[in-house]
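Reproduced below: my_file-v6.tsv, with TSV, C-alpha atoms.
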chain	number	residue	atom	x	y	z
A	1	MET	CA	9.89	42.19	53.34
A	2	HIS	CA	13.28	40.45	53.54
A	3	ILE	CA	14.12	39.75	57.17
A	4	PRO	CA	17.70	40.66	58.13
A	5	ASP	CA	19.84	38.84	60.71
A	6	GLY	CA	19.00	39.63	64.32
A	7	PHE	CA	15.25	40.16	63.96
A	8	PHE	CA	14.39	36.72	65.32
A	9	ASP	CA	15.76	34.50	68.05
A	10	ALA	CA	17.77	31.41	67.13
A	11	PRO	CA	15.12	28.73	67.89
A	12	THR	CA	12.52	30.47	65.71
A	13	SER	CA	15.01	30.94	62.88
A	14	ALA	CA	16.04	27.28	63.13
A	15	ALA	CA	12.44	26.06	63.20
A	16	ALA	CA	11.62	28.15	60.14
A	17	GLY	CA	14.76	26.76	58.51
A	18	ALA	CA	13.46	23.23	59.04
A	19	VAL	CA	10.03	24.11	57.61
A	20	ALA	CA	11.71	25.80	54.65
A	21	ALA	CA	13.97	22.79	54.00
A	22	GLY	CA	10.95	20.47	54.04
A	23	THR	CA	9.04	22.73	51.66
A	24	VAL	CA	11.96	22.96	49.24
A	25	ALA	CA	12.51	19.19	49.35
A	26	LEU	CA	8.84	18.57	48.56
A	27	ALA	CA	8.94	21.15	45.77
A	28	ALA	CA	12.02	19.46	44.29
A	29	ARG	CA	10.26	16.07	44.33
A	30	ARG	CA	7.14	17.45	42.65
A	31	THR	CA	9.21	19.39	40.12
A	32	ARG	CA	11.03	16.19	39.15
A	33	GLU	CA	7.63	14.73	38.24
A	34	VAL	CA	6.28	17.63	36.20
A	35	LEU	CA	9.09	19.70	34.67
A	36	GLY	CA	9.81	18.73	31.07
A	37	GLU	CA	13.21	19.35	29.55
A	38	ARG	CA	11.85	22.05	27.25
A	39	GLN	CA	10.42	23.94	30.23
A	40	VAL	CA	13.81	24.26	31.98
A	41	PRO	CA	14.80	27.59	30.36
A	42	LEU	CA	11.36	29.02	31.04
A	43	ALA	CA	11.56	28.05	34.71
A	44	ALA	CA	14.99	29.67	35.03
A	45	LEU	CA	13.71	32.80	33.28
A	46	THR	CA	10.78	32.95	35.69
A	47	ALA	CA	13.28	33.04	38.57
A	48	ALA	CA	15.27	35.77	36.79
A	49	PHE	CA	12.10	37.78	36.20
A	50	VAL	CA	11.15	37.54	39.88
A	51	PHE	CA	14.68	38.59	40.90
A	52	ALA	CA	14.52	41.63	38.60
A	53	GLY	CA	11.00	42.43	39.82
A	54	GLN	CA	12.14	42.33	43.44
A	55	MET	CA	14.79	44.96	42.61
A	56	LEU	CA	12.18	47.40	41.44
A	57	ASN	CA	11.16	49.30	44.56
A	58	PHE	CA	8.16	51.50	43.86
A	59	PRO	CA	7.11	54.27	46.26
A	60	VAL	CA	3.98	53.82	48.35
A	61	ALA	CA	2.59	56.19	50.99
A	62	ASN	CA	4.72	58.37	53.32
A	63	GLY	CA	8.34	57.61	52.60
A	64	THR	CA	7.93	53.88	52.23
A	65	SER	CA	8.63	51.73	49.22
A	66	GLY	CA	7.56	48.27	48.21
A	67	HIS	CA	8.68	45.72	45.69
A	68	LEU	CA	7.31	42.69	43.93
A	69	LEU	CA	7.43	39.43	45.89
A	70	GLY	CA	6.54	37.44	42.78
A	71	GLY	CA	5.13	34.31	44.43
A	72	VAL	CA	1.77	34.28	42.68
A	73	LEU	CA	3.32	35.49	39.42
A	74	ALA	CA	5.82	32.61	39.36
A	75	ALA	CA	3.23	30.07	40.49
A	76	VAL	CA	0.66	31.03	37.83
A	77	LEU	CA	3.29	31.04	35.08
A	78	ALA	CA	5.40	28.03	36.05
A	79	GLY	CA	3.28	26.05	38.52
A	80	PRO	CA	3.37	26.27	42.32
A	81	TRP	CA	6.20	23.80	42.96
A	82	VAL	CA	8.52	25.25	40.35
A	83	ALA	CA	7.67	28.67	41.82
A	84	VAL	CA	8.84	27.62	45.29
A	85	LEU	CA	12.20	26.69	43.78
A	86	CYS	CA	12.37	29.92	41.73
A	87	LEU	CA	11.79	32.00	44.85
A	88	THR	CA	14.26	29.94	46.86
A	89	VAL	CA	16.98	30.50	44.24
A	90	VAL	CA	16.22	34.23	44.27
A	91	LEU	CA	16.31	34.41	48.08
A	92	VAL	CA	19.55	32.41	48.28
A	93	VAL	CA	21.31	34.68	45.76
A	94	GLN	CA	20.02	37.80	47.54
A	95	ALA	CA	21.14	36.57	50.97
A	96	LEU	CA	24.52	35.20	49.87
A	97	VAL	CA	25.63	37.84	47.39
A	98	PHE	CA	23.65	41.00	48.07
A	99	ALA	CA	23.05	40.87	51.86
A	100	ASP	CA	19.37	41.37	51.10
A	101	GLY	CA	17.77	39.24	53.81
A	102	GLY	CA	19.95	37.67	56.50
A	103	LEU	CA	21.56	34.28	56.06
A	104	THR	CA	20.19	33.14	59.44
A	105	ALA	CA	16.78	34.45	58.35
A	106	LEU	CA	16.83	32.56	55.03
A	107	GLY	CA	14.39	29.95	56.38
A	108	LEU	CA	11.99	32.63	57.59
A	109	ASN	CA	12.18	34.43	54.27
A	110	ILE	CA	11.53	31.20	52.34
A	111	VAL	CA	8.56	30.44	54.60
A	112	ASN	CA	7.04	33.91	54.17
A	113	ILE	CA	7.79	34.59	50.52
A	114	ALA	CA	7.83	31.13	48.90
A	115	LEU	CA	5.53	29.06	51.16
A	116	VAL	CA	2.98	31.66	52.29
A	117	GLY	CA	3.26	34.12	49.39
A	118	GLY	CA	3.85	31.54	46.64
A	119	LEU	CA	2.01	28.33	47.58
A	120	GLY	CA	-0.56	30.12	49.76
A	121	GLY	CA	-1.09	32.80	47.12
A	122	TYR	CA	-1.48	30.10	44.45
A	123	ALA	CA	-4.18	28.39	46.53
A	124	VAL	CA	-6.05	31.72	46.66
A	125	PHE	CA	-5.55	32.10	42.89
A	126	ALA	CA	-6.88	28.60	42.19
A	127	ALA	CA	-9.96	29.17	44.38
A	128	ILE	CA	-10.81	32.50	42.71
A	129	ARG	CA	-10.16	31.14	39.20
A	130	ARG	CA	-12.58	28.27	39.73
A	131	LEU	CA	-15.35	30.72	40.59
A	132	LEU	CA	-14.91	32.57	37.29
A	133	PRO	CA	-15.64	31.46	33.72
A	134	ALA	CA	-12.78	29.72	31.87
A	135	ARG	CA	-11.52	32.77	30.00
A	136	ALA	CA	-8.17	34.48	29.75
A	137	GLY	CA	-9.56	37.54	31.56
A	138	SER	CA	-10.50	35.36	34.52
A	139	VAL	CA	-6.95	34.03	34.82
A	140	THR	CA	-5.57	37.57	34.78
A	141	LEU	CA	-8.11	38.80	37.32
A	142	ALA	CA	-7.59	35.83	39.64
A	143	SER	CA	-3.79	36.23	39.52
A	144	ALA	CA	-4.00	39.96	40.21
A	145	LEU	CA	-6.38	39.48	43.17
A	146	ALA	CA	-4.38	36.59	44.62
A	147	ALA	CA	-1.11	38.48	44.14
A	148	GLY	CA	-2.59	41.51	45.91
A	149	LEU	CA	-3.70	39.33	48.84
A	150	SER	CA	-0.46	37.37	49.02
A	151	VAL	CA	1.53	40.40	50.16
A	152	PRO	CA	-0.46	41.22	53.35
A	153	LEU	CA	-0.70	37.44	53.87
A	154	ALA	CA	3.11	37.15	53.91
A	155	ALA	CA	3.30	40.23	56.15
A	156	ALA	CA	0.80	38.64	58.55
A	157	ALA	CA	2.91	35.47	58.63
A	158	LEU	CA	5.94	37.57	59.56
A	159	VAL	CA	4.00	39.23	62.41
A	160	ALA	CA	2.83	35.82	63.68
A	161	GLU	CA	6.44	34.61	63.65
A	162	TYR	CA	7.47	37.75	65.50
A	163	ALA	CA	4.93	36.97	68.20
A	164	VAL	CA	6.66	33.61	68.67
A	165	GLY	CA	10.31	34.55	68.43
A	166	GLY	CA	10.91	38.23	67.79
A	167	SER	CA	14.08	39.68	69.27
A	168	ASP	CA	12.55	42.81	70.81
A	169	ALA	CA	9.59	43.33	73.12
A	170	ILE	CA	7.35	45.56	71.06
A	171	SER	CA	3.62	46.18	70.88
A	172	LEU	CA	2.46	43.36	68.62
A	173	GLY	CA	-0.89	44.98	67.98
A	174	SER	CA	0.58	48.11	66.49
A	175	PHE	CA	3.26	46.08	64.64
A	176	ALA	CA	0.54	43.95	63.08
A	177	THR	CA	-1.58	46.95	62.09
A	178	ALA	CA	1.36	48.81	60.57
A	179	MET	CA	2.75	45.75	58.75
A	180	VAL	CA	-0.53	44.58	57.26
A	181	GLY	CA	-1.66	48.14	56.47
A	182	THR	CA	1.56	49.00	54.63
A	183	HIS	CA	1.59	45.70	52.77
A	184	VAL	CA	-2.00	46.09	51.61
A	185	LEU	CA	-0.72	49.15	49.73
A	186	ILE	CA	2.31	47.28	48.42
A	187	GLY	CA	-0.08	44.50	47.39
A	188	VAL	CA	-1.75	46.89	44.96
A	189	GLY	CA	1.56	47.19	43.10
A	190	GLU	CA	2.00	43.40	43.24
A	191	ALA	CA	-1.49	42.95	41.77
A	192	VAL	CA	-0.83	45.38	38.91
A	193	ILE	CA	2.57	43.90	37.94
A	194	THR	CA	1.28	40.32	38.22
A	195	GLY	CA	-1.89	41.05	36.23
A	196	LEU	CA	0.01	42.82	33.44
A	197	THR	CA	2.64	40.08	33.16
A	198	VAL	CA	0.16	37.19	33.21
A	199	SER	CA	-2.07	38.86	30.62
A	200	ALA	CA	0.93	39.52	28.35
A	201	VAL	CA	1.98	35.85	28.46
A	202	LEU	CA	-1.63	34.71	28.02
A	203	ALA	CA	-1.97	36.89	24.94
A	204	SER	CA	1.15	35.45	23.27
A	205	ARG	CA	1.52	31.88	24.57
A	206	PRO	CA	-1.45	30.79	26.72
A	207	ASP	CA	-0.10	27.21	26.60
A	208	LEU	CA	2.85	28.33	28.74
A	209	VAL	CA	0.66	29.57	31.60
A	210	GLU	CA	0.48	26.67	34.07
A	211	GLY	CA	-2.35	28.31	36.01
A	212	ALA	CA	-4.64	28.67	32.99
A	213	PRO	CA	-7.45	26.13	32.54
A	214	SER	CA	-6.64	23.41	29.99
A	215	SER	CA	-9.25	24.75	27.56
A	216	LEU	CA	-7.14	27.90	27.18
A	217	ARG	CA	-3.83	26.07	26.92
A	218	ARG	CA	-4.33	24.40	23.54
A	219	PRO	CA	-1.56	25.19	21.08
A	220	THR	CA	-2.23	28.45	19.28
A	221	ARG	CA	-0.96	27.12	15.95
A	222	ALA	CA	-3.62	25.66	13.71
A	223	VAL	CA	-3.03	21.93	13.47
A	224	PRO	CA	-4.39	20.27	10.31
A	225	ALA	CA	-7.03	17.63	11.02
A	226	GLY	CA	-5.47	14.21	11.46
A	227	ALA	CA	-1.97	15.61	11.99
A	228	THR	CA	-0.03	13.99	14.79
A	229	THR	CA	1.35	16.43	17.32
B	1	MET	CA	13.58	30.47	14.98
B	2	SER	CA	10.77	28.53	16.64
B	3	ARG	CA	7.96	30.41	18.36
B	4	TYR	CA	9.12	28.98	21.67
B	5	ARG	CA	12.63	30.36	21.18
B	6	LEU	CA	11.12	33.67	20.16
B	7	PHE	CA	9.09	33.71	23.35
B	8	LEU	CA	12.18	32.93	25.45
B	9	LEU	CA	14.03	35.74	23.72
B	10	ALA	CA	11.17	38.14	24.46
B	11	ALA	CA	11.25	37.01	28.10
B	12	VAL	CA	14.99	37.65	28.31
B	13	CYS	CA	14.40	41.15	26.91
B	14	ALA	CA	11.65	41.76	29.47
B	15	VAL	CA	13.99	40.72	32.30
B	16	LEU	CA	16.78	42.97	30.99
B	17	LEU	CA	14.35	45.86	30.64
B	18	LEU	CA	13.17	45.32	34.20
B	19	VAL	CA	16.77	45.29	35.48
B	20	GLY	CA	17.46	48.51	33.60
B	21	ILE	CA	14.37	50.24	34.95
B	22	ALA	CA	15.03	48.96	38.48
B	23	GLY	CA	18.69	49.93	38.38
B	24	LEU	CA	17.91	53.45	37.23
B	25	PHE	CA	14.62	54.29	38.90
B	26	ALA	CA	14.03	52.03	41.91
B	27	SER	CA	12.93	53.96	44.98
B	28	SER	CA	15.62	54.06	47.66
B	29	GLU	CA	13.14	54.65	50.44
B	30	PRO	CA	12.88	51.93	53.10
B	31	ASP	CA	10.56	49.09	52.15
B	32	GLY	CA	7.50	48.11	54.16
B	33	LEU	CA	9.28	45.89	56.71
B	34	GLU	CA	12.25	48.27	57.14
B	35	ARG	CA	9.96	51.23	57.68
B	36	VAL	CA	7.58	49.50	60.10
B	37	ALA	CA	10.41	47.86	62.05
B	38	ALA	CA	12.11	51.23	62.56
B	39	GLU	CA	8.84	52.87	63.63
B	40	GLU	CA	7.90	50.09	66.01
B	41	GLY	CA	11.29	50.23	67.68
B	42	ILE	CA	12.83	46.96	66.56
B	43	ASP	CA	16.47	47.71	67.30
B	44	ASP	CA	18.56	45.40	65.28
B	45	VAL	CA	18.20	46.99	61.90
B	46	GLY	CA	21.91	47.25	61.13
B	47	GLY	CA	22.51	46.86	57.44
B	48	VAL	CA	18.83	46.86	56.60
B	49	ASP	CA	18.84	49.90	54.41
B	50	ASP	CA	22.44	50.29	53.25
B	51	ASP	CA	22.91	47.16	51.28
B	52	ARG	CA	19.95	47.36	48.97
B	53	LEU	CA	20.83	45.83	45.68
B	54	SER	CA	20.96	48.67	43.26
B	55	GLY	CA	22.47	49.70	40.01
B	56	VAL	CA	22.24	48.17	36.59
B	57	LEU	CA	25.56	46.34	36.97
B	58	GLY	CA	24.68	44.72	40.29
B	59	GLY	CA	21.27	43.81	38.94
B	60	GLY	CA	22.73	42.34	35.78
B	61	ALA	CA	25.18	40.25	37.79
B	62	GLY	CA	22.39	39.09	40.09
B	63	VAL	CA	20.08	38.15	37.25
B	64	THR	CA	22.87	36.22	35.56
B	65	LEU	CA	23.60	34.35	38.78
B	66	VAL	CA	19.91	33.52	39.25
B	67	LEU	CA	19.69	32.29	35.65
B	68	VAL	CA	22.74	30.05	36.05
B	69	LEU	CA	21.76	28.73	39.48
B	70	GLY	CA	18.09	28.36	38.53
B	71	GLY	CA	18.92	26.82	35.16
B	72	GLY	CA	21.27	24.32	36.83
B	73	THR	CA	18.74	23.44	39.52
B	74	PHE	CA	15.89	22.94	37.06
B	75	TRP	CA	18.11	21.02	34.63
B	76	LEU	CA	19.03	18.59	37.42
B	77	LEU	CA	15.38	18.29	38.46
B	78	ARG	CA	13.93	17.87	34.96
B	79	ARG	CA	11.63	14.97	34.32
B	80	ARG	CA	13.58	12.07	32.82
B	81	ASP	CA	11.50	10.13	30.38
B	82	PRO	CA	13.07	9.23	27.06
B	83	ASP	CA	10.09	10.01	24.82
B	84	GLU	CA	9.52	13.50	26.15
B	85	ALA	CA	11.94	15.24	23.79
B	86	GLY	CA	10.38	17.21	20.99
B	87	SER	CA	6.92	17.70	22.45
B	88	ARG	CA	5.39	21.19	22.65
This entry written out as structure tokens:
Amino acid sequence: MHIPDGFFDAPTSAAAGAVAAGTVALAARRTREVLGERQVPLAALTAAFVFAGQMLNFPVANGTSGHLLGGVLAAVLAGPWVAVLCLTVVLVVQALVFADGGLTALGLNIVNIALVGGLGGYAVFAAIRRLLPARAGSVTLASALAAGLSVPLAAAALVAEYAVGGSDAISLGSFATAMVGTHVLIGVGEAVITGLTVSAVLASRPDLVEGAPSSLRRPTRAVPAGATT
Amino acid sequence: MSRYRLFLLAAVCAVLLLVGIAGLFASSEPDGLERVAAEEGIDDVGGVDDDRLSGVLGGGAGVTLVLVLGGGTFWLLRRRDPDEAGSR
């Protein structure tokens, strides 16, 4: 899913860079309002988990592999704005150090993976979660479904960008079909990994899952009546 | 050790486990975009499939870098109110 240099023309890459910069700036402002000092290590670990998850390419049909994007996973665990920053850190390290995703395509990759996959995927998660009863299973199910959808959604965003500023004249119809079709399959893996991870955290520390309803996020320790917390 | 620290430690272990599994077993086949781009005839795919981050060492270095960079970013962006310390 990481776009290399040379896939897109310069104006499109620059425009995506501007959108990405705006998104990251907004995410930084919101994070400053919500992120407590004690949550700092957890936020950094979420970024590390997404980075490690993106390394793990699993095979899908006919000689193609896919890997976690991690947008919905990070957003459900750490909140959507912190997730945008987690994904941005991951994408910056990948582009700068590992040549995974071009430096000129960094804006496009942030738009597709952090903005569309992360924030967009979180909006899908929140909508599905509200339709379900306030139980841990609902949070897991909603994150898995939203994660599964976020992958073809990000792929569709990439195709739309290609229609605007792709470097080669190709058949957009067949590009769109192939991209979305392949990423529906990859989305199944995304859904499984996201569902398993969210349910594991919910089972041990539901209070650390930002996307869980407040009724599930009460401290798990029994607090004596009248004790101040 | 507090339960929160214990949870953080478990999370670190999960990340390390993931890096280990990814470094040893990750599929080296082209990913969705690489595959489709090649099939659809997008030319400029130089470097798309050679430079995949692989190996436990590379992964470990990457994860460490993300932790440091992410930790620094989130530390700078933490909420600053004096009476927040000690909650949770």
Next item on the list: Specify as a ChimeraX atom specification all residues of chain A found within 6 Å of chain B, counting only C-alpha atoms.
Entry: /A:1,6,32-33,35-37,40,44,48-49,52,55-59,64-66,168
Checklist line | Selection: 12 Å around Val116 of chain A, all atoms listed in the file, excl. self and same-chain fewer than 5 positions, as a VMD selection string | finding: chain A and resid 19 to 20 23 69 to 72 75 80 83 to 84 87 108 to 111 121 to 124 146 to 147 149 to 158
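Using all atoms listed in the file for every distance, the candidate list A:Ile186, A:Arg130, A:Leu42, A:Ala47 yields A:Leu42 as the residue closest to Leu9 of chain B.
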Notebook entry, point to check: With all atoms listed in the file as the basis for distance, which of A:Leu45, A:Trp81, A:Leu106, A:Ser215 is at the shortest distance from Ala10 of chain B?
Noted result: A:Leu45
